[in-house]
Every structure is written in C-alpha cells, then in structure tokens.
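Please read the structure below before turning to the comments.
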Amino acid sequence: MIRVGIVAFGMGARVFHAPLISSVEGLELAAVVERHSDSAAQRYPGITTYRSLDEMLADPSLDLFVVATPSGTHFETARQILQAGKSVVVDKPVAVTSAEVAELMALAKAQDALLAPFHNRHWDSDFRTVQKLLHDGSLGRLVHFESTMDRWSPGATRRPWKDDPAQGGGLLHDLGSHLAYLALTLFGKPDALGAEVLRERSGEGSNDSFTLRLRYAGLCVVLSANNLSSLPRPRFHLRGTKGNYSKSGVDLQEAALNKVTRISDPAWGQEPAAQWGTLCVDAEGSTVTRPLPPLPGDYRIFYAGVRDALLGLSPAPVEAIEAWRTARILEWAQQSSAERREVECDWSEEPKEKLHDGATT
C-alpha cells in the first residue's frame, strides 16, 4: 500500500486529488496539511492532519506527496518535498517558469524520486475521443485543430491569488497549461507560435484571455480561453481532408467529483447521448453526419499510473519533461504577445536529464 499525503485541502485537493486517490487500489489517502482547519478529516475519517509541510515530511510512513497549493507556491513546495527524497505529484502548472521546472527535474533525478505533473484532462472523455479519432484517420489529413475552454466569469474571483500575477495567477497558466499540454500530446513540438495574451475584464489583474496559434507543417493548431464567454464555443473543432468533428460542453467528471469522496459508479465518465460530439465525413461523394459515441473519461488512470511508476512497473503517466515543454510554450506565448510577432520555437534548450523510469517504494 502506497501511503499518500496531500499538501493543502482547497478545491483542487477536495474535488480532484482526494477522491481519485481514494478510488485507486493500492493507494491510501493517509495525511493532509491544513494549517487552520480539519475539513479533510471530516470528509475522510482516520486521515492524519498536519499543520505544516515540515510536520508531514517528518512522517516516514508516507511514500507520495501531492502538491495542491496555489500555483505560485508549487515550485518551492515541490522542491522542499524532493529535497527530502520523497516522490511528488504536482498540480498544473508544476512551476510558472520552464527554468523552475528544469530545476525540479534535476533534483528529482538526483534523489531518484518521481516528479509527476497532474494533467488530468488527458483522461477527459472528449480528449480521449479526439485521440482515437485522429488515430483512426476518419478525418483524413488534419489541417486545422481548435481547442477552447471558455467561461463566463465577469466578476472578481473567489480565490484572489488567481488574479495576482505575482502568485502565479492568470488564465494562461491556469487553462493554458491544460490546452498546451494536450496539443503537445497530440501533435508534438510546434515549429513556431503566435499569441495574444490579454486582460479583457475591467480593472487591474492578471491575464484573463488568450489565443495561441501553434504552427506545424501543414497544420494550424489554435488554443484559446477567456472569462467573458456567456455563449461558449465548441470545446473541440477539427477539420480534415475527409471531414470535420465538433464537440461542445465539458467533461462531466469534475462536476461529479464535487459530490463524492470516492468513485463507486460503474458508469463513471460516460457521457449521455445528448452531449456527444458530431462527426461529418465524406462517404463516396456525399457527406454523412452522425453523433460520435465517445470513450469514457477516467481521471483514475492518472493515479493508477503513478502507483505503477512507484512500483517500478511502468513510466509515469505524465513525464516531467512535458511540464517543461508546456511551460516553455506559455513563455513563448507571452513573448509573442508582448512583441506582437510570431516566435520560432527553439527546442535545443530542452533538459536532457534521463526521465524517471520507476522506483520501488
């Protein structure tokens, strides 16, 4: 049994990490850092509550730590855990700069510890379906790919750090981390990118809107999000030489996880037919349009992969180098927006450290 401790118990830990860890065989949610409350113990009786990370690091029974603190604190928190020789899952973004991610990668290598970025949306129903669709070649040669995460949030956030650039706030790091990672997963490293990173809402604060255009040979990938979309665009829209695919709405798992402490539904992650995406393809000179049954989403796969990596059975479900590549994309996006030009992507500076290939707890 791999005993897990979570650092902080805000929305990220309560909705994502705690119920997922509790739902994966071989993992035990054993401890949490909460400085002033005992909300985790109320939801998970028997869990140990520590008032500081130092206290939790002194517990020799813990094998894995999960960083679920505000984004601007991820780097320092993860560094402290790795310096103690412990393996760690870090919520996205792992750090707000690629240099910080590289430092954590080098430290994890030196300590022979696992550094796993938490990119749960790899296991969204819609993304898994898009992966399969591209693998099957149903759309022919893909020429245009759009992925958006629109929101309607015109007022102030209930979590002030999310609107403070000094604390790692801003939509680019928040949702841009998701979109950039998923694009890298599908298409690899782009040749160049152009971007607009903006503040659209009134008042001072961090960016709340962005559009990234990643350039590949024969393919344009557009990633965008904002907080002023009361009528959201499709989550995915793909165009190829044989047809199109469009999918609206968001994966249902987050809403469902907000209501449970552990997953028990055998139909977990399955979307109702009314929310399926639409596939329109050329068939012998005419177009055929039909709903496309999706693959089920399942965030538990991430933590099952972390378990297996710690047991030496497989690589990590998301390698740390993906966090570096994601951070570098976001840095180029900020540069492109500031300089109002397309930026060539120079990947020669990518860290060459050997990736973690499994360790025994």
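In the structure tokens, the first chain shown is A, the next is B, and so on; residue numbers restart at 1 for each chain, and ligands run from 1 in the order shown.
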
* Tell me, as JSON, numbers by chain, which residues lie within 12 Å of Glu331 of chain A, counting only C-alpha atoms; anything in the same chain fewer than 5 positions away does not count. => {"A": [95, 96, 97, 98, 99, 172, 173, 176, 177, 180, 193, 194, 195, 197, 212, 324, 325, 326, 336, 337, 338, 343, 345]}

Near segment 264-286 of chain A, 8 Å: segment 145-246 of chain A residue rows, closest pairs, only C-alpha atoms, as a tab-separated table:
```
residue	atom	partner	partner_atom	distance
A:Lys242	CA	A:Asp282	CA	5.4
A:Gly243	CA	A:Val281	CA	4.0
A:Asn244	CA	A:Cys280	CA	5.3
A:Tyr245	CA	A:Leu279	CA	4.6
A:Ser246	CA	A:Thr278	CA	5.4
```

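Backbone DSSP of segment 68-111 of chain A yields helix (DSSP H, G or I) at Ser71, Gly72, Thr73, His74, Phe75, Glu76, Thr77, Ala78, Arg79, Gln80, Ile81, Leu82, Gln83, Ser98, Ala99, Glu100, Val101, Ala102, Glu103, Leu104, Met105, Ala106, Leu107, Ala108, Lys109, Ala110 and Gln111 of chain A.
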
* **Nearest to Leu114 of chain A by atom-to-atom distance, counting only C-alpha atoms, from A:Gly170, A:Pro296, A:Pro351, A:Pro315** =>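 Counting only C-alpha atoms, the residue closest to Leu114 of chain A is A:Pro315.
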
* To do: Kindly indicate which residue among A:Lys132, A:His119, A:Lys352, A:Lys247 lies nearest to Asp174 of chain A, using only C-alpha atoms for the distances.
  =>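 Comparing A:Lys132, A:His119, A:Lys352, A:Lys247 against Asp174 of chain A, the winner is A:His119.
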